[in-house]
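Engineer: Sending over my_file32.tsv (TSV, C-alpha atoms).
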```tsv
chain	number	residue	atom	x	y	z
H	1	MET	CA	100.36	43.72	150.69
H	2	SER	CA	103.12	45.98	151.97
H	3	VAL	CA	106.72	45.28	151.04
H	4	ILE	CA	109.22	45.39	153.91
H	5	GLY	CA	112.71	45.53	152.48
H	6	TYR	CA	116.32	45.82	153.59
H	7	HIS	CA	118.58	48.69	152.52
H	8	ALA	CA	122.11	47.66	151.51
H	9	SER	CA	124.43	50.60	152.18
H	10	HIS	CA	127.45	50.53	149.88
H	11	GLU	CA	128.94	53.48	151.77
H	12	GLN	CA	129.34	51.50	154.99
H	13	PHE	CA	130.36	48.02	153.89
H	14	SER	CA	132.54	46.35	151.30
H	15	PRO	CA	130.77	44.63	148.38
H	16	SER	CA	131.66	41.21	149.77
H	17	GLN	CA	130.24	42.10	153.20
H	18	LEU	CA	127.04	43.42	151.63
H	19	LEU	CA	126.67	40.16	149.73
H	20	LEU	CA	126.59	38.29	153.04
H	21	TYR	CA	124.12	40.77	154.53
H	22	VAL	CA	121.59	40.55	151.68
H	23	LYS	CA	121.66	36.75	151.94
H	24	GLN	CA	121.07	37.07	155.68
H	25	ALA	CA	118.27	39.59	155.03
H	26	GLU	CA	116.52	37.11	152.74
H	27	ALA	CA	116.83	34.40	155.39
H	28	ALA	CA	115.45	36.85	157.96
H	29	GLY	CA	112.23	37.26	155.97
H	30	PHE	CA	112.70	40.58	154.18
H	31	ASP	CA	110.71	40.91	150.95
H	32	ALA	CA	113.14	42.94	148.84
H	33	ILE	CA	116.48	44.77	148.75
H	34	MET	CA	117.22	48.43	148.03
H	35	THR	CA	120.73	49.65	147.22
H	36	SER	CA	122.53	52.98	147.10
H	37	ASP	CA	124.70	54.15	144.17
H	38	HIS	CA	127.80	55.94	145.47
H	39	ILE	CA	131.46	56.25	144.58
H	40	THR	CA	132.19	58.20	147.80
H	41	PRO	CA	131.00	57.54	151.37
H	42	TRP	CA	129.37	60.23	153.51
H	43	SER	CA	132.18	59.98	156.08
H	44	ASN	CA	135.70	58.64	156.34
H	45	ARG	CA	134.41	56.46	159.17
H	46	GLN	CA	132.11	54.63	156.78
H	47	GLY	CA	135.07	53.85	154.58
H	48	ASN	CA	133.52	52.04	151.59
H	49	SER	CA	131.73	52.56	148.28
H	50	GLY	CA	131.70	49.63	145.87
H	51	ASN	CA	130.18	49.85	142.41
H	52	ASN	CA	126.49	49.09	142.75
H	53	TRP	CA	125.94	47.95	139.15
H	54	ALA	CA	128.78	45.43	139.22
H	55	TRP	CA	127.58	44.19	142.61
H	56	LEU	CA	123.94	43.72	141.60
H	57	GLY	CA	124.68	40.76	139.34
H	58	ALA	CA	126.39	38.90	142.18
H	59	ALA	CA	123.69	39.87	144.69
H	60	MET	CA	120.89	38.64	142.43
H	61	SER	CA	122.75	35.38	141.83
H	62	ALA	CA	123.09	34.89	145.58
H	63	THR	CA	119.43	35.61	146.46
H	64	SER	CA	115.94	35.25	145.01
H	65	LEU	CA	114.61	38.63	146.18
H	66	PRO	CA	113.57	41.58	143.99
H	67	PHE	CA	115.78	44.68	144.05
H	68	GLY	CA	115.44	48.43	143.68
H	69	SER	CA	118.32	50.82	143.20
H	70	LEU	CA	119.15	54.50	143.18
H	71	ALA	CA	120.44	55.77	139.82
H	72	ILE	CA	121.85	59.09	138.62
H	73	PRO	CA	121.28	59.54	134.85
H	74	GLY	CA	122.43	63.16	134.61
H	75	GLY	CA	125.56	62.37	132.65
H	76	TRP	CA	128.42	62.77	135.13
H	77	ARG	CA	129.68	59.34	136.22
H	78	TYR	CA	127.21	57.63	133.90
H	79	HIS	CA	126.02	58.84	130.54
H	80	PRO	CA	122.34	57.80	130.34
H	81	VAL	CA	123.11	55.43	127.42
H	82	VAL	CA	125.76	53.67	129.52
H	83	LEU	CA	123.46	53.57	132.56
H	84	ALA	CA	120.59	52.16	130.48
H	85	HIS	CA	122.98	49.53	129.09
H	86	MET	CA	123.94	48.36	132.60
H	87	ILE	CA	120.35	48.37	133.84
H	88	ALA	CA	119.13	46.47	130.79
H	89	THR	CA	121.87	43.84	131.11
H	90	VAL	CA	121.06	43.13	134.76
H	91	SER	CA	117.33	43.06	133.96
H	92	GLU	CA	117.77	40.68	131.02
H	93	MET	CA	119.77	38.21	133.13
H	94	PHE	CA	117.35	38.38	136.07
H	95	PRO	CA	113.83	38.97	134.70
H	96	ASP	CA	111.51	40.90	137.03
H	97	ARG	CA	114.18	41.07	139.74
H	98	LEU	CA	115.27	44.69	139.24
H	99	ARG	CA	111.80	46.04	139.87
H	100	TRP	CA	112.58	49.74	139.94
H	101	ILE	CA	115.30	52.32	139.76
H	102	ALA	CA	114.90	55.62	141.60
H	103	ALA	CA	116.45	58.39	139.51
H	104	GLY	CA	117.75	61.46	141.28
H	105	SER	CA	119.63	64.64	140.41
H	106	GLY	CA	122.66	63.44	142.35
H	107	GLU	CA	125.17	64.80	144.83
H	108	ALA	CA	128.44	66.56	144.12
H	109	MET	CA	130.31	64.07	146.30
H	110	ASN	CA	129.66	61.32	143.75
H	111	GLU	CA	129.50	63.21	140.47
H	112	HIS	CA	132.29	65.81	140.72
H	113	VAL	CA	134.94	63.09	140.46
H	114	VAL	CA	134.81	63.02	136.65
H	115	GLY	CA	135.77	66.69	136.53
H	116	THR	CA	132.85	68.10	134.54
H	117	GLY	CA	131.61	70.60	137.13
H	118	TRP	CA	128.50	70.74	139.28
H	119	PRO	CA	125.61	72.93	138.08
H	120	ASP	CA	122.73	74.39	140.08
H	121	LYS	CA	119.60	72.42	140.99
H	122	ALA	CA	117.56	73.70	138.04
H	123	GLU	CA	120.05	72.38	135.51
H	124	ARG	CA	120.50	69.12	137.43
H	125	ASN	CA	116.75	68.56	137.24
H	126	GLN	CA	116.76	69.23	133.50
H	127	ARG	CA	119.57	66.74	133.00
H	128	LEU	CA	117.74	64.22	135.19
H	129	ARG	CA	114.57	64.44	133.12
H	130	ALA	CA	116.47	64.26	129.82
H	131	GLY	CA	118.49	61.27	131.03
H	132	CYS	CA	115.36	59.42	132.17
H	133	ASP	CA	113.66	60.05	128.81
H	134	ILE	CA	116.71	58.61	127.02
H	135	MET	CA	116.79	55.51	129.22
H	136	HIS	CA	113.05	54.97	128.83
H	137	SER	CA	113.31	55.09	125.04
H	138	LEU	CA	116.29	52.74	124.89
H	139	MET	CA	114.78	50.18	127.24
H	140	LYS	CA	111.66	50.10	125.06
H	141	GLY	CA	113.90	48.95	122.22
H	142	ASP	CA	114.11	52.21	120.27
H	143	MET	CA	117.12	53.25	118.24
H	144	LEU	CA	117.79	56.77	119.42
H	145	THR	CA	119.45	59.79	117.89
H	146	THR	CA	119.10	63.05	119.76
H	147	ASP	CA	121.00	66.20	120.58
H	148	THR	CA	120.14	67.81	123.90
H	149	PRO	CA	122.25	70.52	125.56
H	150	TRP	CA	124.00	67.73	127.51
H	151	PHE	CA	123.74	64.51	125.50
H	152	ALA	CA	124.54	64.03	121.82
H	153	ILE	CA	123.39	60.51	120.89
H	154	ASP	CA	123.96	58.89	117.54
H	155	ARG	CA	121.90	55.78	116.70
H	156	ALA	CA	122.12	54.26	120.17
H	157	ARG	CA	120.34	50.96	120.67
H	158	LEU	CA	120.27	48.27	123.35
H	159	TRP	CA	120.79	44.98	121.52
H	160	SER	CA	120.05	42.82	124.58
H	161	PRO	CA	117.04	44.56	126.12
H	162	PRO	CA	115.05	43.12	129.01
H	163	GLN	CA	111.58	41.72	128.34
H	164	LYS	CA	110.28	43.90	131.16
H	165	PRO	CA	112.31	47.03	131.99
H	166	PRO	CA	112.32	48.24	135.60
H	167	MET	CA	110.02	51.07	136.54
H	168	ILE	CA	111.62	54.51	136.80
H	169	PHE	CA	110.78	56.16	140.12
H	170	GLY	CA	111.77	59.67	141.13
H	171	ALA	CA	114.01	60.13	144.19
H	172	ALA	CA	112.99	63.29	146.08
H	173	LEU	CA	113.94	64.97	149.34
H	174	SER	CA	111.79	68.11	148.95
H	175	ASP	CA	108.09	68.68	148.37
H	176	ASP	CA	108.78	70.76	145.25
H	177	THR	CA	110.83	67.98	143.65
H	178	ALA	CA	108.21	65.39	144.55
H	179	GLU	CA	105.45	67.45	142.91
H	180	TRP	CA	107.55	67.98	139.78
H	181	MET	CA	108.18	64.24	139.51
H	182	GLY	CA	104.53	63.26	139.90
H	183	GLY	CA	103.64	63.60	136.24
H	184	TRP	CA	106.51	61.72	134.58
H	185	THR	CA	107.77	59.01	136.93
H	186	ALA	CA	106.21	55.66	137.85
H	187	GLY	CA	106.55	56.26	141.58
H	188	LEU	CA	108.23	58.20	144.39
H	189	LEU	CA	111.15	57.25	146.62
H	190	THR	CA	111.88	59.40	149.67
H	191	VAL	CA	113.17	59.07	153.22
H	192	ARG	CA	111.05	58.70	156.33
H	193	LYS	CA	109.95	61.96	157.93
H	194	PRO	CA	107.51	62.83	160.73
H	195	ARG	CA	104.07	61.68	159.59
H	196	GLU	CA	102.65	65.12	158.79
H	197	GLU	CA	105.68	66.02	156.66
H	198	LEU	CA	105.63	62.68	154.83
H	199	ILE	CA	101.91	62.95	154.08
H	200	LYS	CA	102.42	66.48	152.77
H	201	MET	CA	105.16	65.31	150.39
H	202	ILE	CA	103.10	62.35	149.16
H	203	ASN	CA	100.13	64.63	148.54
H	204	ARG	CA	102.33	67.01	146.57
H	205	PHE	CA	103.57	64.09	144.45
H	206	ARG	CA	100.01	62.96	143.80
H	207	GLY	CA	98.88	66.50	143.08
H	208	GLY	CA	101.61	66.76	140.45
H	209	GLY	CA	100.28	63.74	138.57
H	210	GLY	CA	101.26	60.85	140.83
H	211	VAL	CA	97.79	59.56	141.77
H	212	GLY	CA	97.81	55.77	141.87
H	213	LYS	CA	101.60	55.53	141.57
H	214	ALA	CA	103.90	53.64	143.94
H	215	ILE	CA	105.19	55.29	147.12
H	216	THR	CA	108.45	53.92	148.54
H	217	VAL	CA	110.16	55.08	151.74
H	218	GLN	CA	113.59	54.45	153.20
H	219	LEU	CA	113.16	54.07	156.96
H	220	GLN	CA	116.43	54.94	158.62
H	221	VAL	CA	117.08	53.72	162.16
H	222	SER	CA	120.03	53.11	164.44
H	223	TRP	CA	119.75	49.78	166.21
H	224	GLY	CA	121.51	48.90	169.43
H	225	ARG	CA	121.15	46.62	172.43
H	226	ASN	CA	120.53	49.76	174.48
H	227	THR	CA	119.93	53.44	173.75
H	228	GLU	CA	123.52	54.47	174.41
H	229	GLU	CA	124.81	51.92	171.90
H	230	ALA	CA	122.24	52.97	169.29
H	231	ARG	CA	123.07	56.67	169.81
H	232	GLU	CA	126.81	56.06	169.50
H	233	ALA	CA	126.30	54.07	166.28
H	234	ALA	CA	124.18	56.84	164.76
H	235	TRP	CA	126.72	59.50	165.75
H	236	ASP	CA	129.69	57.53	164.46
H	237	GLN	CA	128.20	56.29	161.18
H	238	TRP	CA	125.42	58.64	160.07
H	239	ARG	CA	126.19	62.07	161.50
H	240	VAL	CA	125.43	63.35	158.01
H	241	ALA	CA	121.75	63.22	158.98
H	242	ALA	CA	122.38	66.34	161.08
H	243	ALA	CA	123.89	68.29	158.18
H	244	ALA	CA	121.97	71.12	156.52
H	245	PRO	CA	119.84	69.63	153.70
H	246	ASP	CA	121.30	71.90	151.01
H	247	HIS	CA	124.78	70.64	151.88
H	248	LEU	CA	123.85	67.04	151.01
H	249	ALA	CA	124.01	67.93	147.32
H	250	SER	CA	126.85	70.45	147.38
H	251	LEU	CA	129.69	69.18	149.58
H	252	GLN	CA	132.21	67.22	147.54
H	253	THR	CA	134.22	64.88	149.76
H	254	ALA	CA	133.91	62.71	152.85
H	255	PHE	CA	136.41	65.06	154.51
H	256	GLU	CA	134.07	68.01	153.90
H	257	PHE	CA	131.11	66.16	155.42
H	258	ASP	CA	133.21	65.20	158.46
H	259	ARG	CA	134.25	68.83	158.89
H	260	GLU	CA	130.64	70.02	158.47
H	261	THR	CA	129.41	67.68	161.22
H	262	GLN	CA	132.38	67.71	163.61
H	263	ALA	CA	130.50	69.83	166.18
H	264	VAL	CA	127.45	67.54	166.26
H	265	SER	CA	127.07	65.87	169.65
H	266	PRO	CA	125.87	62.29	170.16
H	267	GLU	CA	122.74	63.63	171.88
H	268	GLU	CA	121.76	65.61	168.78
H	269	MET	CA	121.32	62.32	166.92
H	270	ASP	CA	118.21	61.64	169.01
H	271	ASP	CA	116.36	64.24	166.92
H	272	VAL	CA	117.36	63.00	163.47
H	273	ILE	CA	117.45	59.17	163.56
H	274	PRO	CA	115.17	56.90	165.62
H	275	LEU	CA	117.25	54.98	168.17
H	276	VAL	CA	115.79	51.48	168.11
H	277	THR	CA	116.34	48.97	170.93
H	278	THR	CA	113.08	47.00	170.98
H	279	ALA	CA	110.96	45.17	168.46
H	280	GLN	CA	107.91	47.24	169.38
H	281	HIS	CA	109.68	50.48	168.54
H	282	ILE	CA	110.53	49.40	165.02
H	283	LEU	CA	107.07	47.86	164.56
H	284	ASP	CA	105.55	51.21	165.56
H	285	LEU	CA	107.77	53.03	163.05
H	286	ILE	CA	106.72	50.63	160.31
H	287	GLU	CA	103.03	51.05	161.12
H	288	GLU	CA	103.37	54.84	161.28
H	289	THR	CA	105.01	54.85	157.85
H	290	LYS	CA	102.46	52.46	156.35
H	291	ALA	CA	99.66	54.67	157.67
H	292	SER	CA	100.81	57.38	155.24
H	293	ARG	CA	99.69	55.04	152.41
H	294	VAL	CA	103.20	53.84	151.61
H	295	ASP	CA	103.60	50.74	149.44
H	296	GLU	CA	107.20	49.75	150.15
H	297	ILE	CA	109.39	50.39	153.21
H	298	TYR	CA	113.14	49.72	153.17
H	299	ILE	CA	114.78	49.61	156.58
H	300	HIS	CA	118.28	51.04	156.77
H	301	ASN	CA	120.03	50.32	160.04
H	302	VAL	CA	123.00	52.71	160.18
H	303	SER	CA	124.79	50.63	162.83
H	304	ARG	CA	127.79	48.61	161.67
H	305	ASP	CA	126.52	45.54	163.53
H	306	GLN	CA	124.35	44.33	160.68
H	307	SER	CA	124.49	40.62	161.49
H	308	ALA	CA	123.15	41.11	165.01
H	309	PHE	CA	120.52	43.53	163.69
H	310	LEU	CA	119.36	41.02	161.08
H	311	GLU	CA	119.17	38.31	163.73
H	312	PHE	CA	117.04	40.68	165.83
H	313	MET	CA	114.78	41.35	162.85
H	314	ALA	CA	114.45	37.64	162.05
H	315	SER	CA	113.57	36.58	165.58
H	316	GLN	CA	111.61	39.52	166.98
H	317	VAL	CA	110.31	41.81	164.23
H	318	MET	CA	109.60	40.09	160.91
H	319	PRO	CA	107.27	37.44	162.40
H	320	ALA	CA	105.19	40.20	164.01
H	321	ILE	CA	104.75	42.46	160.97
H	322	ASP	CA	101.22	42.69	159.59
H	323	LYS	CA	101.75	43.01	155.85
H	324	THR	CA	98.06	43.13	155.00
H	325	SER	CA	97.23	46.54	156.53
```
Turn the structure described in the file into structure tokens.
Structural biologist:
Amino acid sequence: MSVIGYHASHEQFSPSQLLLYVKQAEAAGFDAIMTSDHITPWSNRQGNSGNNWAWLGAAMSATSLPFGSLAIPGGWRYHPVVLAHMIATVSEMFPDRLRWIAAGSGEAMNEHVVGTGWPDKAERNQRLRAGCDIMHSLMKGDMLTTDTPWFAIDRARLWSPPQKPPMIFGAALSDDTAEWMGGWTAGLLTVRKPREELIKMINRFRGGGGVGKAITVQLQVSWGRNTEEAREAAWDQWRVAAAAPDHLASLQTAFEFDRETQAVSPEEMDDVIPLVTTAQHILDLIEETKASRVDEIYIHNVSRDQSAFLEFMASQVMPAIDKTS
């Protein structure tokens, strides 16, 4: 059975708005919710970024769906002990509801704010792996003392651990990162790409030790009542998709991302985000993604008109999805 989930974008909507949207997503027939973990939006036009971990408790109280979340355990905004404490608390209150976290090496836009610098990718990966190992040990119930180059931990223990901790997936945008994560994570989270590119990444993950592990994909679309509306929404809200990939991790503020993408035209969005106007188009995108042997698909509509999009999904798309293939 394939999972078709809804992505809740903290960057675009206030926490209270997102609470309404996840309730509407459950009513529309989505199977699960995925959330981002930002303190800064990608653009001033998005204009939001609530705290994901505070919000999750309210969202789980308001719905019955399982959740997955991004998480950055590298020790900037969240020391891995603090992050494990938050994850464990949510998981203890809502057993089996926080099914996975997808740990990534982070972006400067979110992590530079605590003023501890921003190292190169090699060090960020080392910190990511060390942070995940710490969280894994703590959520098993261990008392942990360790001294890594980044984290000095003295007899840390989670006194209210969950009966079943969430799985730790790896969040990857490149083939090299996916392969590296294959041997030590429980699954892979990435974004939708053309089929050949997505299959190549999945194969690299499996070749690195990920055979039999979960594959999860965020399917980004821009929905509109017509192509012009969908294109304008993509250009206004998610122009970041046209930015150079290496800039996603290095630019530090929403102002910098807006400056980086100010020359992008609305027509250029056609090449980076599918512009969805019909049920068949989104059904085709779902089937194409599933055909790459993907287990879970989370649909992120970058348009601000989430209510109308969720009504469209409820009436025209969700009833037609074949979840058995």
Engineer: For Leu251 (chain H), work out the shell of residues within 12 Å, counting all atoms listed in the file and skipping chain neighbours fewer than 2 positions away, then give it as a PyMOL selection string.
Structural biologist: chain H and resi 40-43+106-112+118+240+243-249+253-261
Engineer: Tell me, counting only C-alpha atoms, for each residue of region 80-167 of chain H within 8 Å of region 44-59 of chain H, which pair of atoms is nearest and how far apart they are in Å to one decimal, in rows ordered by chain and increasing number, as a Markdown table.
Structural biologist:
```
| residue | atom | partner | partner_atom | distance |
| --- | --- | --- | --- | --- |
| H:Met86 | CA | H:Trp53 | CA | 6.9 |
| H:Ile87 | CA | H:Trp53 | CA | 7.7 |
| H:Val90 | CA | H:Gly57 | CA | 6.3 |
```
Engineer: Write to file, as a compact mmCIF listing (two decimals), keeping the file's coordinate frame, the residues of the selection just made, with C-alpha atoms.
Structural biologist:
```txt
# COMPACT_ATOMS: atom_id res chain seq x y z
CA MET H 86 123.94 48.36 132.60
CA ILE H 87 120.35 48.37 133.84
CA VAL H 90 121.06 43.13 134.76
```
Engineer: Identify the residues within 12 Å of coordinate (122.9, 50.0, 172.4) (same frame as the file), considering only C-alpha atoms, and give the answer as a count of residues only.
Structural biologist: 22
Engineer: Quick one: pull the distance between CA of Leu144 (chain H) and CA of Arg157 (chain H), Å, one decimal.
Structural biologist: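 The value is 6.5 Å.
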Engineer: List the spatial neighbours of region 317-319 of chain H as a list in words - criterion: any atom at most 9 Å away, only C-alpha atoms, same-chain residues fewer than 4 positions off excluded.
Structural biologist: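 Here the answer would be Ile4, Ala28, Gly29, Phe30, Thr278, Ala279, Gln280, Ile282, Leu283, Phe312 and Met313 of chain H.
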Engineer: Would you mind telling me which residue in H:Gln126, H:Glu296, H:Leu310, H:Val82 lies nearest to Gly5 (chain H) when using all atoms listed in the file?
Structural biologist: H:Glu296
Engineer: Give me, as a list of chain:residue names, all polymer residues having an atom no more than 9 Å from Asp154 (chain H), counting only C-alpha atoms and skipping those fewer than 5 positions away in the same chain.
Structural biologist: H:Met143, H:Leu144, H:Thr145, H:Thr146, H:Asp147
Engineer: In Å, how far is it from CA of Asp142 (chain H) to CA of Gln163 (chain H)?
Structural biologist: 13.5 Å
Engineer: For the atom pair CA of Ile286 (chain H) and CA of Val211 (chain H), what is the interatomic distance in Å to one decimal place?
Structural biologist: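 Going from CA of Ile286 (chain H) over to CA of Val211 (chain H) covers 22.4 Å.
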Engineer: Could you complete region 223-256 of chain H so that it carries N, CA and C atoms, and give it back as a CSV table (one decimal), in the frame of the given file?
Structural biologist:
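Writing done, so here's selection-v7.csv:
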```csv
chain,number,residue,atom,x,y,z
H,223,TRP,N,120.1,50.9,165.3
H,223,TRP,CA,119.8,49.8,166.2
H,223,TRP,C,120.9,49.5,167.2
H,224,GLY,N,120.5,49.3,168.4
H,224,GLY,CA,121.5,48.9,169.4
H,224,GLY,C,120.9,48.1,170.5
H,225,ARG,N,121.7,47.4,171.3
H,225,ARG,CA,121.2,46.6,172.4
H,225,ARG,C,120.6,47.5,173.5
H,226,ASN,N,121.1,48.8,173.5
H,226,ASN,CA,120.5,49.8,174.5
H,226,ASN,C,120.6,51.1,173.8
H,227,THR,N,120.0,52.1,174.4
H,227,THR,CA,119.9,53.4,173.8
H,227,THR,C,121.3,54.1,173.6
H,228,GLU,N,122.2,53.9,174.5
H,228,GLU,CA,123.5,54.5,174.4
H,228,GLU,C,124.3,53.9,173.2
H,229,GLU,N,124.2,52.6,173.0
H,229,GLU,CA,124.8,51.9,171.9
H,229,GLU,C,124.2,52.4,170.6
H,230,ALA,N,122.9,52.5,170.5
H,230,ALA,CA,122.2,53.0,169.3
H,230,ALA,C,122.6,54.4,169.0
H,231,ARG,N,122.7,55.3,170.0
H,231,ARG,CA,123.1,56.7,169.8
H,231,ARG,C,124.5,56.8,169.3
H,232,GLU,N,125.4,56.0,169.9
H,232,GLU,CA,126.8,56.1,169.5
H,232,GLU,C,127.0,55.6,168.1
H,233,ALA,N,126.2,54.6,167.7
H,233,ALA,CA,126.3,54.1,166.3
H,233,ALA,C,125.8,55.1,165.3
H,234,ALA,N,124.7,55.8,165.6
H,234,ALA,CA,124.2,56.8,164.8
H,234,ALA,C,125.2,58.0,164.6
H,235,TRP,N,125.8,58.4,165.8
H,235,TRP,CA,126.7,59.5,165.8
H,235,TRP,C,128.0,59.2,165.0
H,236,ASP,N,128.5,57.9,165.1
H,236,ASP,CA,129.7,57.5,164.5
H,236,ASP,C,129.5,57.3,163.0
H,237,GLN,N,128.4,56.7,162.6
H,237,GLN,CA,128.2,56.3,161.2
H,237,GLN,C,127.3,57.2,160.3
H,238,TRP,N,126.4,57.9,160.9
H,238,TRP,CA,125.4,58.6,160.1
H,238,TRP,C,125.2,60.0,160.6
H,239,ARG,N,126.3,60.7,161.0
H,239,ARG,CA,126.2,62.1,161.5
H,239,ARG,C,125.7,63.0,160.4
H,240,VAL,N,125.9,62.5,159.1
H,240,VAL,CA,125.4,63.4,158.0
H,240,VAL,C,124.0,63.7,158.1
H,241,ALA,N,123.2,62.9,158.8
H,241,ALA,CA,121.8,63.2,159.0
H,241,ALA,C,121.5,64.6,159.7
H,242,ALA,N,122.5,65.1,160.4
H,242,ALA,CA,122.4,66.3,161.1
H,242,ALA,C,122.9,67.5,160.2
H,243,ALA,N,123.4,67.2,159.0
H,243,ALA,CA,123.9,68.3,158.2
H,243,ALA,C,122.7,69.1,157.6
H,244,ALA,N,123.0,70.3,157.2
H,244,ALA,CA,122.0,71.1,156.5
H,244,ALA,C,121.6,70.5,155.2
H,245,PRO,N,120.3,70.4,154.9
H,245,PRO,CA,119.8,69.6,153.7
H,245,PRO,C,120.5,70.1,152.4
H,246,ASP,N,120.7,71.4,152.3
H,246,ASP,CA,121.3,71.9,151.0
H,246,ASP,C,122.8,71.5,150.8
H,247,HIS,N,123.4,71.1,152.0
H,247,HIS,CA,124.8,70.6,151.9
H,247,HIS,C,124.9,69.2,151.4
H,248,LEU,N,123.8,68.4,151.5
H,248,LEU,CA,123.8,67.0,151.0
H,248,LEU,C,124.2,67.0,149.5
H,249,ALA,N,123.8,67.9,148.8
H,249,ALA,CA,124.0,67.9,147.3
H,249,ALA,C,125.3,68.7,146.9
H,250,SER,N,125.8,69.5,147.8
H,250,SER,CA,126.8,70.4,147.4
H,250,SER,C,128.2,70.1,147.9
H,251,LEU,N,128.4,69.5,149.1
H,251,LEU,CA,129.7,69.2,149.6
H,251,LEU,C,130.3,68.1,148.7
H,252,GLN,N,131.6,68.1,148.6
H,252,GLN,CA,132.2,67.2,147.5
H,252,GLN,C,133.0,66.0,148.0
H,253,THR,N,133.4,66.0,149.3
H,253,THR,CA,134.2,64.9,149.8
H,253,THR,C,133.8,64.4,151.1
H,254,ALA,N,134.2,63.2,151.5
H,254,ALA,CA,133.9,62.7,152.8
H,254,ALA,C,134.6,63.6,153.9
H,255,PHE,N,135.7,64.2,153.6
H,255,PHE,CA,136.4,65.1,154.5
H,255,PHE,C,135.5,66.3,154.8
H,256,GLU,N,134.9,66.8,153.7
H,256,GLU,CA,134.1,68.0,153.9
H,256,GLU,C,132.9,67.7,154.8
```
